[in-house]
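One file, work.txt, carrying compact mmCIF, C-alpha atoms and all ligand atoms:
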```txt
# COMPACT_ATOMS: atom_id res chain seq x y z
CA MET A 1 -12.33 -11.17 -36.02
CA GLU A 2 -13.75 -11.80 -39.45
CA LYS A 3 -12.73 -15.25 -40.68
CA ILE A 4 -14.54 -15.37 -44.02
CA ARG A 5 -16.17 -12.73 -46.16
CA VAL A 6 -17.64 -13.12 -49.62
CA ARG A 7 -18.73 -10.21 -51.75
CA ASN A 8 -21.09 -10.40 -54.72
CA LEU A 9 -20.03 -13.98 -55.46
CA LYS A 10 -21.36 -15.46 -58.72
CA LYS A 11 -21.02 -18.79 -60.47
CA TYR A 12 -23.07 -19.63 -63.54
CA PHE A 13 -22.97 -22.93 -65.42
CA LYS A 14 -23.74 -23.21 -69.13
CA VAL A 15 -25.84 -26.32 -69.60
CA GLY A 16 -27.17 -27.16 -73.05
CA GLY A 17 -28.43 -23.87 -74.43
CA GLY A 18 -29.26 -22.48 -70.96
CA LEU A 19 -27.54 -20.89 -68.01
CA ILE A 20 -27.82 -22.17 -64.42
CA LYS A 21 -27.26 -19.37 -61.91
CA ALA A 22 -25.93 -21.67 -59.19
CA VAL A 23 -24.57 -18.81 -57.05
CA ASP A 24 -26.01 -15.45 -57.97
CA GLY A 25 -24.60 -12.49 -56.05
CA VAL A 26 -23.94 -13.75 -52.53
CA ASP A 27 -22.62 -11.48 -49.75
CA PHE A 28 -21.87 -12.55 -46.19
CA SER A 29 -19.26 -12.73 -43.49
CA ILE A 30 -18.55 -15.25 -40.73
CA ASN A 31 -16.61 -14.30 -37.62
CA GLU A 32 -14.01 -16.47 -35.96
CA GLY A 33 -15.56 -19.17 -33.77
CA GLU A 34 -19.05 -18.88 -35.27
CA VAL A 35 -21.02 -21.86 -36.53
CA TYR A 36 -23.25 -20.93 -39.44
CA ALA A 37 -25.62 -23.27 -41.22
CA LEU A 38 -26.25 -22.86 -44.94
CA VAL A 39 -29.72 -24.19 -45.56
CA GLY A 40 -31.71 -24.64 -48.75
CA GLU A 41 -33.40 -27.18 -50.98
CA SER A 42 -31.47 -29.44 -53.31
CA GLY A 43 -30.11 -27.42 -56.22
CA SER A 44 -30.20 -24.07 -54.41
CA GLY A 45 -26.42 -23.66 -54.83
CA LYS A 46 -25.10 -24.62 -51.38
CA SER A 47 -22.31 -26.98 -52.48
CA THR A 48 -21.24 -24.64 -55.27
CA LEU A 49 -20.96 -21.80 -52.74
CA GLY A 50 -18.91 -24.00 -50.38
CA LYS A 51 -16.51 -24.97 -53.18
CA LEU A 52 -16.17 -21.34 -54.27
CA ILE A 53 -15.21 -20.22 -50.76
CA LEU A 54 -12.44 -22.82 -50.61
CA LYS A 55 -11.41 -22.04 -54.18
CA LEU A 56 -12.01 -25.59 -55.33
CA ILE A 57 -13.78 -23.88 -58.24
CA GLU A 58 -13.31 -20.35 -59.59
CA PRO A 59 -16.03 -17.69 -59.36
CA ASP A 60 -17.26 -15.78 -62.42
CA GLU A 61 -17.50 -12.63 -60.35
CA GLY A 62 -17.03 -11.45 -56.79
CA GLU A 63 -14.44 -11.71 -54.05
CA ILE A 64 -13.46 -14.04 -51.22
CA PHE A 65 -11.55 -12.89 -48.13
CA PHE A 66 -9.93 -15.26 -45.62
CA ASN A 67 -8.62 -13.65 -42.41
CA GLY A 68 -9.10 -10.29 -44.14
CA ILE A 69 -6.92 -11.23 -47.14
CA ASN A 70 -8.42 -11.19 -50.62
CA ILE A 71 -7.71 -14.72 -51.93
CA THR A 72 -9.95 -14.52 -55.01
CA ARG A 73 -7.10 -14.46 -57.47
CA PHE A 74 -4.61 -16.51 -55.46
CA SER A 75 -2.69 -19.05 -57.57
CA LYS A 76 -2.38 -22.73 -56.59
CA GLU A 77 1.02 -21.96 -55.05
CA GLN A 78 -0.39 -19.06 -53.04
CA MET A 79 -3.27 -21.27 -51.87
CA ARG A 80 -1.01 -24.12 -50.73
CA PRO A 81 -0.26 -22.78 -47.23
CA LEU A 82 -3.95 -21.95 -46.79
CA ARG A 83 -5.24 -25.38 -47.86
CA ARG A 84 -4.49 -26.85 -44.45
CA LYS A 85 -6.39 -24.03 -42.73
CA MET A 86 -9.58 -24.45 -44.80
CA GLN A 87 -11.00 -27.95 -44.85
CA MET A 88 -14.17 -29.42 -46.35
CA ILE A 89 -15.91 -32.68 -45.40
CA PHE A 90 -18.35 -34.13 -47.91
CA GLN A 91 -21.61 -36.04 -47.77
CA ASP A 92 -20.37 -39.42 -48.93
CA PRO A 93 -17.56 -40.71 -46.70
CA PHE A 94 -16.98 -43.62 -49.12
CA THR A 95 -15.69 -41.21 -51.77
CA THR A 96 -13.57 -39.26 -49.26
CA PHE A 97 -11.04 -42.08 -48.95
CA ASN A 98 -9.23 -44.01 -51.63
CA PRO A 99 -10.56 -47.60 -51.43
CA ILE A 100 -7.19 -49.22 -52.12
CA TYR A 101 -5.25 -47.79 -49.15
CA LYS A 102 -5.72 -48.33 -45.42
CA ILE A 103 -7.44 -45.47 -43.58
CA GLY A 104 -4.43 -44.87 -41.33
CA ASN A 105 -1.97 -44.51 -44.20
CA GLN A 106 -4.22 -41.95 -45.88
CA ILE A 107 -4.53 -39.84 -42.72
CA PHE A 108 -0.80 -40.17 -41.88
CA GLU A 109 0.17 -39.06 -45.39
CA SER A 110 -1.94 -35.94 -45.24
CA VAL A 111 -0.56 -35.00 -41.78
CA LYS A 112 2.99 -35.55 -43.10
CA PHE A 113 2.36 -33.62 -46.32
CA HIS A 114 1.20 -30.57 -44.38
CA LYS A 115 3.95 -31.00 -41.75
CA VAL A 116 1.47 -30.60 -38.90
CA VAL A 117 3.67 -32.45 -36.38
CA GLU A 118 7.13 -33.97 -36.57
CA HIS A 119 7.34 -37.20 -38.56
CA SER A 120 8.06 -39.37 -35.54
CA PHE A 121 4.90 -38.12 -33.74
CA VAL A 122 2.45 -38.52 -36.62
CA GLU A 123 1.05 -41.93 -35.60
CA ASP A 124 0.65 -41.02 -31.92
CA TYR A 125 -0.98 -37.75 -32.91
CA VAL A 126 -3.56 -39.46 -35.14
CA VAL A 127 -4.24 -42.22 -32.56
CA GLN A 128 -5.02 -39.49 -30.02
CA LEU A 129 -7.50 -37.89 -32.42
CA MET A 130 -9.13 -41.27 -33.10
CA ARG A 131 -9.71 -41.66 -29.36
CA PHE A 132 -11.13 -38.14 -29.23
CA VAL A 133 -13.78 -39.05 -31.82
CA ALA A 134 -14.46 -42.34 -29.99
CA LEU A 135 -12.96 -44.62 -32.61
CA HIS A 136 -10.67 -47.56 -31.78
CA PRO A 137 -7.19 -46.91 -33.21
CA ASP A 138 -7.26 -50.40 -34.82
CA ILE A 139 -9.59 -48.86 -37.40
CA LEU A 140 -6.52 -47.12 -38.83
CA LYS A 141 -5.37 -50.56 -40.08
CA LYS A 142 -8.58 -51.15 -42.03
CA TYR A 143 -9.64 -50.37 -45.58
CA PRO A 144 -12.57 -47.98 -46.19
CA SER A 145 -14.84 -50.84 -47.33
CA GLN A 146 -14.45 -52.52 -43.92
CA LEU A 147 -16.10 -49.62 -42.06
CA SER A 148 -19.65 -48.38 -41.58
CA GLY A 149 -20.76 -45.01 -42.94
CA GLY A 150 -20.72 -43.49 -39.44
CA GLN A 151 -17.22 -44.81 -38.67
CA LEU A 152 -15.94 -43.58 -41.99
CA GLN A 153 -17.45 -40.12 -41.50
CA ARG A 154 -15.67 -39.93 -38.12
CA CYS A 155 -12.44 -40.86 -39.93
CA ALA A 156 -13.12 -38.07 -42.45
CA ILE A 157 -13.53 -35.70 -39.49
CA VAL A 158 -10.23 -36.94 -38.03
CA ARG A 159 -8.49 -36.35 -41.34
CA ALA A 160 -9.87 -32.82 -41.58
CA ILE A 161 -9.15 -31.79 -37.97
CA SER A 162 -5.73 -33.48 -37.95
CA LEU A 163 -4.59 -30.57 -40.12
CA LYS A 164 -5.64 -28.08 -37.40
CA PRO A 165 -7.92 -26.11 -39.70
CA GLU A 166 -9.27 -22.68 -38.79
CA PHE A 167 -12.31 -22.95 -41.03
CA LEU A 168 -14.32 -26.09 -41.74
CA ILE A 169 -17.09 -26.59 -44.29
CA CYS A 170 -19.27 -29.63 -43.65
CA ASP A 171 -21.32 -30.42 -46.76
CA GLU A 172 -24.35 -32.58 -45.87
CA ILE A 173 -22.08 -34.73 -43.71
CA VAL A 174 -24.89 -36.41 -41.81
CA SER A 175 -27.44 -36.76 -44.62
CA ALA A 176 -26.43 -40.30 -45.55
CA LEU A 177 -26.40 -41.55 -41.94
CA ASP A 178 -29.06 -43.05 -39.65
CA VAL A 179 -30.72 -40.55 -37.33
CA SER A 180 -29.03 -41.89 -34.18
CA ILE A 181 -25.61 -41.67 -35.85
CA GLN A 182 -26.48 -38.16 -37.11
CA VAL A 183 -26.98 -37.03 -33.52
CA GLN A 184 -23.62 -38.54 -32.46
CA ILE A 185 -21.75 -36.81 -35.29
CA ILE A 186 -23.41 -33.47 -34.54
CA GLU A 187 -22.51 -33.77 -30.84
CA LEU A 188 -18.95 -34.66 -31.85
CA LEU A 189 -18.69 -31.59 -34.07
CA LYS A 190 -19.98 -29.36 -31.28
CA ALA A 191 -17.32 -30.73 -28.93
CA LEU A 192 -14.61 -30.25 -31.56
CA LYS A 193 -15.79 -26.76 -32.32
CA SER A 194 -15.37 -25.57 -28.76
CA GLU A 195 -12.12 -27.53 -28.22
CA LEU A 196 -10.46 -26.18 -31.38
CA ASN A 197 -12.14 -22.76 -31.70
CA LEU A 198 -13.23 -23.72 -35.20
CA THR A 199 -15.24 -21.52 -37.51
CA VAL A 200 -17.78 -23.74 -39.27
CA LEU A 201 -20.11 -23.53 -42.25
CA PHE A 202 -22.50 -26.44 -41.95
CA ILE A 203 -24.33 -27.11 -45.23
CA THR A 204 -27.62 -28.97 -44.97
CA HIS A 205 -31.02 -29.16 -46.67
CA ASP A 206 -32.56 -29.85 -43.24
CA ILE A 207 -33.17 -26.77 -41.10
CA GLY A 208 -33.95 -29.11 -38.17
CA VAL A 209 -30.39 -30.50 -38.34
CA ALA A 210 -29.04 -26.96 -38.75
CA ARG A 211 -30.76 -25.92 -35.54
CA ARG A 212 -29.01 -28.65 -33.57
CA ILE A 213 -25.57 -27.37 -34.40
CA ALA A 214 -25.54 -23.78 -35.65
CA ASP A 215 -25.86 -20.42 -33.91
CA LYS A 216 -26.77 -18.61 -37.10
CA VAL A 217 -28.13 -19.49 -40.50
CA PHE A 218 -28.08 -18.42 -44.13
CA VAL A 219 -31.13 -19.54 -46.10
CA MET A 220 -30.31 -20.04 -49.76
CA ARG A 221 -32.71 -20.23 -52.66
CA ALA A 222 -31.90 -20.31 -56.38
CA GLY A 223 -28.37 -19.00 -55.87
CA LYS A 224 -29.26 -16.18 -53.47
CA ILE A 225 -29.29 -15.77 -49.69
CA VAL A 226 -32.91 -14.89 -48.95
CA GLU A 227 -32.74 -14.68 -45.16
CA SER A 228 -30.04 -14.82 -42.48
CA GLY A 229 -29.62 -14.37 -38.75
CA ILE A 230 -29.81 -16.18 -35.42
CA ILE A 231 -31.21 -19.62 -36.06
CA GLU A 232 -33.65 -19.77 -33.13
CA LYS A 233 -35.13 -16.45 -34.20
CA ILE A 234 -35.50 -17.53 -37.82
CA PHE A 235 -36.87 -20.95 -36.86
CA TYR A 236 -39.64 -19.43 -34.73
CA ASN A 237 -40.15 -16.23 -36.67
CA PRO A 238 -39.24 -16.72 -40.34
CA GLU A 239 -39.92 -13.82 -42.64
CA HIS A 240 -39.44 -15.33 -46.07
CA GLU A 241 -42.10 -17.67 -47.50
CA TYR A 242 -39.38 -20.07 -48.62
CA THR A 243 -37.96 -20.32 -45.07
CA LYS A 244 -41.47 -20.95 -43.75
CA ARG A 245 -41.77 -23.84 -46.22
CA LEU A 246 -38.44 -25.34 -45.16
CA ILE A 247 -39.50 -25.20 -41.52
CA SER A 248 -42.96 -26.60 -42.08
CA SER A 249 -41.53 -29.53 -44.05
CA VAL A 250 -39.30 -30.40 -41.07
CA LEU A 251 -42.19 -30.05 -38.64
CA SER A 252 -44.53 -32.17 -40.76
CA ILE A 253 -41.94 -34.97 -41.00
CA LYS A 254 -41.62 -34.88 -37.20
CA THR A 255 -45.37 -34.99 -36.71
CA GLN A 256 -45.71 -37.94 -39.10
CA GLY A 257 -42.90 -39.74 -37.25
CA GLU A 258 -44.58 -39.18 -33.91
CA ASN A 259 -47.92 -40.61 -35.06
N1 LIG B 1 -20.32 -28.53 -62.59
C1 LIG B 1 -21.58 -28.19 -62.84
N2 LIG B 1 -22.01 -28.08 -64.13
C2 LIG B 1 -23.29 -27.72 -64.39
N3 LIG B 1 -24.22 -27.44 -63.45
C3 LIG B 1 -23.85 -27.53 -62.17
C4 LIG B 1 -22.53 -27.91 -61.80
N4 LIG B 1 -22.45 -27.91 -60.43
C5 LIG B 1 -23.68 -27.56 -59.99
N5 LIG B 1 -24.51 -27.33 -61.02
C6 LIG B 1 -25.91 -26.89 -60.94
O1 LIG B 1 -25.97 -25.75 -60.09
C7 LIG B 1 -27.13 -25.78 -59.26
C8 LIG B 1 -26.70 -25.73 -57.81
O2 LIG B 1 -26.08 -26.97 -57.47
P1 LIG B 1 -25.48 -27.28 -56.02
O3 LIG B 1 -24.93 -28.67 -56.05
O4 LIG B 1 -24.58 -26.19 -55.63
O5 LIG B 1 -26.80 -27.22 -55.13
P2 LIG B 1 -27.05 -27.77 -53.67
O6 LIG B 1 -27.92 -26.78 -53.00
O7 LIG B 1 -25.75 -28.10 -53.03
O8 LIG B 1 -27.88 -29.07 -53.93
P3 LIG B 1 -27.54 -30.59 -53.57
O9 LIG B 1 -27.60 -30.70 -52.10
O10 LIG B 1 -28.57 -31.38 -54.28
O11 LIG B 1 -26.14 -30.81 -54.14
C9 LIG B 1 -27.89 -27.04 -59.64
O12 LIG B 1 -28.87 -26.70 -60.57
C10 LIG B 1 -26.82 -27.92 -60.27
O13 LIG B 1 -27.38 -28.79 -61.20
```

Would you mind writing the file's structure down as structure tokens?
Amino acid sequence: MEKIRVRNLKKYFKVGGGLIKAVDGVDFSINEGEVYALVGESGSGKSTLGKLILKLIEPDEGEIFFNGINITRFSKEQMRPLRRKMQMIFQDPFTTFNPIYKIGNQIFESVKFHKVVEHSFVEDYVVQLMRFVALHPDILKKYPSQLSGGQLQRCAIVRAISLKPEFLICDEIVSALDVSIQVQIIELLKALKSELNLTVLFITHDIGVARRIADKVFVMRAGKIVESGIIEKIFYNPEHEYTKRLISSVLSIKTQGEN
């Protein structure tokens, strides 16, 4: 079943006297249970595309379908029941949480707001999820500033999955983390994906990271998808010059690291 489809999506920004074509006529669909990576250099339009799909910003043109329903012109009220089903996790876990409240309270509130489980089960439910992502439940009593980036990103994952989403966008969620922690978070996401039958769009500038998690990939350049398909095929047999460049930059970093 088709989970997400976008058709001729466009978002331009007026900056100074000029126009930035952040997303410039994008078409694609993602089926239920698929993990797609969206790969491209900084500024290619990846985050803007992610925000458009979730209707965090409005497109200038084009259409967005979720579960086959055209949500492009849905109002805030119409979007409310869908918000829980479409979650986004961002690069910087320190801005995900409000620094003045304990982590637990923030996750409990969001589970209560969306009425995911009965009030009396909320704490037990979240504690279970904390264990699932290998975090001690005592962390729920801490403030964001008391946690490491990796711990906080796991908490952001708990908050997102606690709402039982159907579609998850991860926007550069491992970019700010050490390589060993990156691997742990990617493995965690893979486990979650199969446990929860999630459909995932994993945004990253690093096609090497994309390859670890995704089955398929969209390569984005200057607001357009220039190549897409099965990631192993594209990694070993890229057609577009831009994709070749992305791959060779990953390979050259690896080679330098190995020397
Ligand atoms: N609100 C905005 N106002 C003006 N320009 C914007 C806005 N949001 C994004 N842009 C511009 O749109 C282009 C695409 O930005 P976007 O953040 O989507 O790219 P990206 O591929 O996610 O890159 P990065 O990983 O660096 O965020 C960039 O040139 C950016 O400066």

Near segment 69-87 of chain A, 12 Å: segment 171-244 of chain A residue rows, closest pairs, all atoms listed in the file, as a Markdown table:
```
| residue | atom | partner | partner_atom | distance |
| --- | --- | --- | --- | --- |
| A:Asp171 | CA | A:Gln87 | CA | 10.8 |
| A:Leu198 | CA | A:Lys85 | CA | 10.2 |
| A:Thr199 | CA | A:Met86 | CA | 9.7 |
| A:Val200 | CA | A:Gln87 | CA | 9.7 |
| A:Leu201 | CA | A:Gln87 | CA | 10.5 |
| A:Phe202 | CA | A:Gln87 | CA | 12.0 |
```

Surroundings of ligand LIG 1 (chain B) up to 10 Å, based on only C-alpha atoms and all ligand atoms, as a PDB file with C-alpha atoms, keeping the file's coordinate frame:
```
ATOM      1  CA  LYS A  11     -21.020 -18.790 -60.470  1.00  0.00           C
ATOM      2  CA  TYR A  12     -23.070 -19.630 -63.540  1.00  0.00           C
ATOM      3  CA  PHE A  13     -22.970 -22.930 -65.420  1.00  0.00           C
ATOM      4  CA  LYS A  14     -23.740 -23.210 -69.130  1.00  0.00           C
ATOM      5  CA  VAL A  15     -25.840 -26.320 -69.600  1.00  0.00           C
ATOM      6  CA  GLY A  16     -27.170 -27.160 -73.050  1.00  0.00           C
ATOM      7  CA  LEU A  19     -27.540 -20.890 -68.010  1.00  0.00           C
ATOM      8  CA  ILE A  20     -27.820 -22.170 -64.420  1.00  0.00           C
ATOM      9  CA  LYS A  21     -27.260 -19.370 -61.910  1.00  0.00           C
ATOM     10  CA  ALA A  22     -25.930 -21.670 -59.190  1.00  0.00           C
ATOM     11  CA  VAL A  23     -24.570 -18.810 -57.050  1.00  0.00           C
ATOM     12  CA  LEU A  38     -26.250 -22.860 -44.940  1.00  0.00           C
ATOM     13  CA  VAL A  39     -29.720 -24.190 -45.560  1.00  0.00           C
ATOM     14  CA  GLY A  40     -31.710 -24.640 -48.750  1.00  0.00           C
ATOM     15  CA  GLU A  41     -33.400 -27.180 -50.980  1.00  0.00           C
ATOM     16  CA  SER A  42     -31.470 -29.440 -53.310  1.00  0.00           C
ATOM     17  CA  GLY A  43     -30.110 -27.420 -56.220  1.00  0.00           C
ATOM     18  CA  SER A  44     -30.200 -24.070 -54.410  1.00  0.00           C
ATOM     19  CA  GLY A  45     -26.420 -23.660 -54.830  1.00  0.00           C
ATOM     20  CA  LYS A  46     -25.100 -24.620 -51.380  1.00  0.00           C
ATOM     21  CA  SER A  47     -22.310 -26.980 -52.480  1.00  0.00           C
ATOM     22  CA  THR A  48     -21.240 -24.640 -55.270  1.00  0.00           C
ATOM     23  CA  LEU A  49     -20.960 -21.800 -52.740  1.00  0.00           C
ATOM     24  CA  GLY A  50     -18.910 -24.000 -50.380  1.00  0.00           C
ATOM     25  CA  LYS A  51     -16.510 -24.970 -53.180  1.00  0.00           C
ATOM     26  CA  LEU A  52     -16.170 -21.340 -54.270  1.00  0.00           C
ATOM     27  CA  ILE A  57     -13.780 -23.880 -58.240  1.00  0.00           C
ATOM     28  CA  GLN A  91     -21.610 -36.040 -47.770  1.00  0.00           C
ATOM     29  CA  ASP A 171     -21.320 -30.420 -46.760  1.00  0.00           C
ATOM     30  CA  GLU A 172     -24.350 -32.580 -45.870  1.00  0.00           C
ATOM     31  CA  SER A 175     -27.440 -36.760 -44.620  1.00  0.00           C
ATOM     32  CA  ILE A 203     -24.330 -27.110 -45.230  1.00  0.00           C
ATOM     33  CA  THR A 204     -27.620 -28.970 -44.970  1.00  0.00           C
ATOM     34  CA  HIS A 205     -31.020 -29.160 -46.670  1.00  0.00           C
ATOM     35  CA  MET A 220     -30.310 -20.040 -49.760  1.00  0.00           C
ATOM     36  CA  ARG A 221     -32.710 -20.230 -52.660  1.00  0.00           C
ATOM     37  CA  ALA A 222     -31.900 -20.310 -56.380  1.00  0.00           C
ATOM     38  CA  GLY A 223     -28.370 -19.000 -55.870  1.00  0.00           C
TER      39      GLY A 223
END
```

What's around Val226 of chain A at 9 Å? Count all atoms listed in the file, leave out sequence neighbours fewer than 3 positions away in its own chain, and write the answer as a compact mmCIF listing (two decimals) with C-alpha atoms, in the coordinates of the input.
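Result file follows (part.txt):
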```txt
# COMPACT_ATOMS: atom_id res chain seq x y z
CA PHE A 218 -28.08 -18.42 -44.13
CA VAL A 219 -31.13 -19.54 -46.10
CA MET A 220 -30.31 -20.04 -49.76
CA ARG A 221 -32.71 -20.23 -52.66
CA HIS A 240 -39.44 -15.33 -46.07
CA TYR A 242 -39.38 -20.07 -48.62
CA THR A 243 -37.96 -20.32 -45.07
```

Counting all atoms listed in the file, closest pick from A:Leu168, A:Ile107, A:Cys155, A:Leu140 relative to Leu54 of chain A is A:Leu168

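Proximity to Arg211 of chain A was assessed for A:Phe167, A:Gly104, A:Ser148, A:Tyr36 counting all atoms listed in the file; the smallest distance is recorded for A:Tyr36.
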
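With all atoms listed in the file as the atoms that count, the residue of A:Pro99, A:Gly68, A:Pro59, A:Gly33 with the shortest distance to Leu192 of chain A is A:Gly33.
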
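Counting all atoms listed in the file, the residue from A:Glu2, A:Glu63, A:Asp206, A:Glu241 that sits nearest to Ser29 of chain A is A:Glu2.
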
Between atom CA of Val179 of chain A and atom CA of Arg212 of chain A, distance in Å (one decimal) | 12.6 Å

Of A:Lys216, A:Ala134, A:Gln153, A:Arg159, the one nearest to Lys112 of chain A when counting all atoms listed in the file is A:Arg159

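Atom CA of Asp24 of chain A to atom CA of Ile231 of chain A spans 22.9 Å [interatomic distance, one decimal].
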
Would you work out the distance separating atom CA of Gln151 of chain A from atom CA of Val117 of chain A, expressed in Å to one decimal?
-> 24.4 Å

Using all atoms listed in the file, the residue out of A:Met88, A:Leu147, A:Ala160, A:Ile139 with shortest distance to Ser110 of chain A is A:Ala160

Using all atoms listed in the file, can you list as JSON, numbers by chain the residues within 12 Å of (-5.6, -51.6, -51.6)?
-> {"A": [97, 98, 99, 100, 101, 102, 103, 105, 106, 141, 142, 143, 144, 145, 146]}

Per residue of segment 19-137 of chain A within 12 Å of segment 185-191 of chain A, record the nearest atom pair and its distance in Å to one decimal, counting only C-alpha atoms, with rows in chain order and ascending residue number, as CSV.
```
residue,atom,partner,partner_atom,distance
A:Gly33,CA,A:Lys190,CA,11.4
A:Glu34,CA,A:Lys190,CA,11.3
A:Val35,CA,A:Lys190,CA,9.2
A:Ile89,CA,A:Leu189,CA,11.7
A:Leu129,CA,A:Leu188,CA,11.9
A:Met130,CA,A:Leu188,CA,11.9
A:Arg131,CA,A:Leu188,CA,11.9
A:Phe132,CA,A:Leu188,CA,9.0
A:Val133,CA,A:Leu188,CA,6.8
A:Ala134,CA,A:Leu188,CA,9.1
A:Leu135,CA,A:Leu188,CA,11.6
```

Excluding Asp178 of chain A and residues on its chain fewer than 4 positions from it, collect all residues at most 10 Å away from it, counting only C-alpha atoms, and give them as JSON, numbers by chain.
-> {"A": [149, 150, 174, 182, 183]}
